[in-house]
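Colleague: Structure below; questions to follow.
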Amino acid sequence: MAITINSFYTAETPGKFKQVTRTIDGLEPHQILIKIVASGICHTDCYALDQQDLCLGHEPAGEVIEIGSAVKSFKVGDKAGFSYLKEACLECEQCVAGDDLYCQSRVLFPGTDNMNGYADKAIVDSRFAYHLPEGIDIKDMGVLMCAGSTVFNALYSTNTSPTHRVAIIGVGGLGHLALQFANKWGTSVTAISTSDDKKDEAISFGAHEFLNSKRFDDAEYLKTINKFDLIINTASANLPYDQYISLLKPKGQFLIVGVPTKPIEVNGRAFIGNELGMRGSLVGGRETVRKMLEFAARHNIKPAIEELPLTLEGLEEGIQRCLDYKPRYRIVLVAQ
């Protein structure tokens with residue numbers, strides 16, 4: 001049966017979109033058709049605004065309205081979503097080990113099929129889709145599968161212990177969720193921000209302590225700060241990295257999840273002398289996303305969202321707010 005999909009594609013002017021209607025012949029065996037109920041806006045989408053004719057959005061959730069002949073894990077009527085990883089070979093060393101996110105044949109957002117979240121429907125490989133757990137609002141699901149799995153994976157992949165001290169740099173779209181996950185993980189959580197205005201909110205999200213990084217230029221002040229086992233940088237701004245590295249315990253780790261705007265410059269001596277680590281972390285593969293959703297449902301973790309309509313006007317307004325760094329803290333487009 002032919003399927004009609006109405007999508008919003010990037011237009012010639014960055015930040016503007018156009019509605020495109022297309023018809024697909026039908027589903028392949030492992031595919032499902034999802035009617036999109038809510039779709040989050042992530043700043044990653046903004047990096048592709050200068051490319052025309054793309055359907056963006058990798059934080060969608062909705063209802064399964066049709067399934068392919070080989071689909072076993074979903075049925076019509078299920079609530080489901082999909083995320084940044086769209087396909088993997090399922091046979092290579094990484095896939096077999098559960099690291100499908102790092103499959104060398106992986107297909108990441110935005111992919112090549114324009115089946116993404118800024119649309120009324122999307123066709124998805126059911127093996128890369130996720131069930132909505134009981135206790136999670138469908139409006140929150142998409143944000144959790146991107147921002148939530150990003151910060152969850154930062155804790156999960158580093159084998160963070162409940163006895164660890166964890167610092168979160170940035171109280172924003174990623175940071176406000178990182179504070180919640182780290183708190184429910186059982187760790188001692190410190191929020192680091194350039195603005196004291198964020199202190200009360202940071203505490204409400206789960207921080208036990210708050211530091212204003214504008215004071216870090218004072219070397220004597222830095223010496224008074226209890227050091228951390230893990231620092232998660234959710235900010236994209238360029239940082240004086242040596243200051244932050246000095247806050248790590250021996251064998252501590254500095255994890256980058258916010259996309260840096262400039263090359264990172266850091267003194268390597270501290271890494272050698274104290275066996276420190278510095279690396280990046282992506283959103284998380286299928287196992288991680290599933291565990292994250294279970295964890296979030298169990299601990300009532302949810303994003304702070306602003307709602308806009310899933311319309312052309314709503315999308316353009318939301319993208320502009322994202323470009324202006326105005327959301328507190330994520331924008332979700334909701335089907336009308």
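Here's how to read the names in the structure tokens: chain A, B, ... by the order shown, residue numbers from 1 in each chain, ligand numbers from 1 in the order shown.
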When DSSP is applied to the backbone of this structure, which of segment 107-231 of chain A are assigned strand (DSSP E)? Write them out as a list in words.
Modeller: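 Assigned to strand (DSSP E), within segment 107-231 of chain A: Val107, Leu108, Lys121, Ala122, Ile123, Val124, Asp125, Ala129, Tyr130, His131, Arg165, Val166, Ala167, Ile168, Ile169, Ser188, Val189, Thr190, Ala191, Ile192, Ser193, Glu209, Phe210, Leu211, Asn212, Phe228, Asp229, Leu230 and Ile231 of chain A.
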Colleague: Could you give me, as a Markdown table, every segment 59-95 of chain A residue with an atom at most 8 Å from segment 30-39 of chain A, plus its closest atom pair and distance in Å to one decimal, counting only C-alpha atoms, rows ordered by chain then number?
Modeller:
| residue | atom | partner | partner_atom | distance |
| --- | --- | --- | --- | --- |
| A:Glu59 | CA | A:Ser39 | CA | 5.3 |
| A:Pro60 | CA | A:Ser39 | CA | 4.0 |
| A:Ala61 | CA | A:Ala38 | CA | 5.5 |
| A:Gly62 | CA | A:Ile36 | CA | 4.3 |
| A:Glu63 | CA | A:Lys35 | CA | 5.2 |
| A:Val64 | CA | A:Ile34 | CA | 4.5 |
| A:Ile65 | CA | A:Leu33 | CA | 5.8 |
| A:Glu66 | CA | A:Leu33 | CA | 5.1 |
| A:Ile67 | CA | A:Ile32 | CA | 4.4 |
| A:Gly68 | CA | A:Gln31 | CA | 5.2 |
| A:Ser69 | CA | A:His30 | CA | 6.9 |
| A:Ala70 | CA | A:His30 | CA | 5.2 |
| A:Val71 | CA | A:His30 | CA | 5.1 |
| A:Ala80 | CA | A:Ile34 | CA | 7.4 |
| A:Gly81 | CA | A:Ile34 | CA | 7.9 |
Colleague: So what do you get for atom CA of Phe181 of chain A versus atom CA of Leu56 of chain A, distance-wise?
Modeller: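 Interatomic distance, atom CA of Phe181 of chain A to atom CA of Leu56 of chain A: 26.9 Å.
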Colleague: With the cut-off set at 12 Å and counting only C-alpha atoms, tabulate each residue of segment 257-317 of chain A with an atom at most that distance from an atom of segment 105-109 of chain A, showing the nearest atom pair and its distance in Å to one decimal, ordered by chain and increasing number, as JSON lines.
Modeller:
{"residue": "A:Leu282", "atom": "CA", "partner": "A:Leu108", "partner_atom": "CA", "distance": 11.1}
{"residue": "A:Val283", "atom": "CA", "partner": "A:Leu108", "partner_atom": "CA", "distance": 10.7}
{"residue": "A:Gly284", "atom": "CA", "partner": "A:Leu108", "partner_atom": "CA", "distance": 11.5}
{"residue": "A:Gly285", "atom": "CA", "partner": "A:Arg106", "partner_atom": "CA", "distance": 10.7}
Colleague: Now that the selection is made, can you save its residues with C-alpha atoms as a PDB file, in the first residue's frame?
Modeller:
ATOM      1  CA  LEU A 282      28.540   9.856  21.340  1.00  0.00           C
ATOM      2  CA  VAL A 283      24.859   9.252  21.997  1.00  0.00           C
ATOM      3  CA  GLY A 284      24.862   5.514  22.674  1.00  0.00           C
ATOM      4  CA  GLY A 285      23.951   2.407  20.686  1.00  0.00           C
TER       5      GLY A 285
END
Colleague: What's around Ala191 of chain A at 10 Å? Count only C-alpha atoms, leave out sequence neighbours fewer than 2 positions away in its own chain, and write the answer as a PyMOL selection string.
Modeller: chain A and resi 166-171+175-176+178-179+189+193+198-199+202-203+205-213+231-232
Colleague: To one decimal place, how far is atom CA of Ile192 of chain A from atom CA of Tyr156 of chain A in Å?
Modeller: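 Atom CA of Tyr156 of chain A lies 20.8 Å from atom CA of Ile192 of chain A.
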Colleague: Select, from A:Pro303, A:Pro162, A:Gly57, A:Pro250, the residue with the minimum atom-to-atom distance to Ile136 of chain A, counting only C-alpha atoms.
Modeller: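 Going through A:Pro303, A:Pro162, A:Gly57, A:Pro250 one by one, the smallest distance to Ile136 of chain A is for A:Pro303.
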Colleague: Ranking A:Ile256, A:Leu222, A:Gly268, A:Val289 by minimum distance to Tyr84 of chain A and counting only C-alpha atoms, which one comes first?
Modeller: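 Under the stated criterion, the closest residue is A:Val289.
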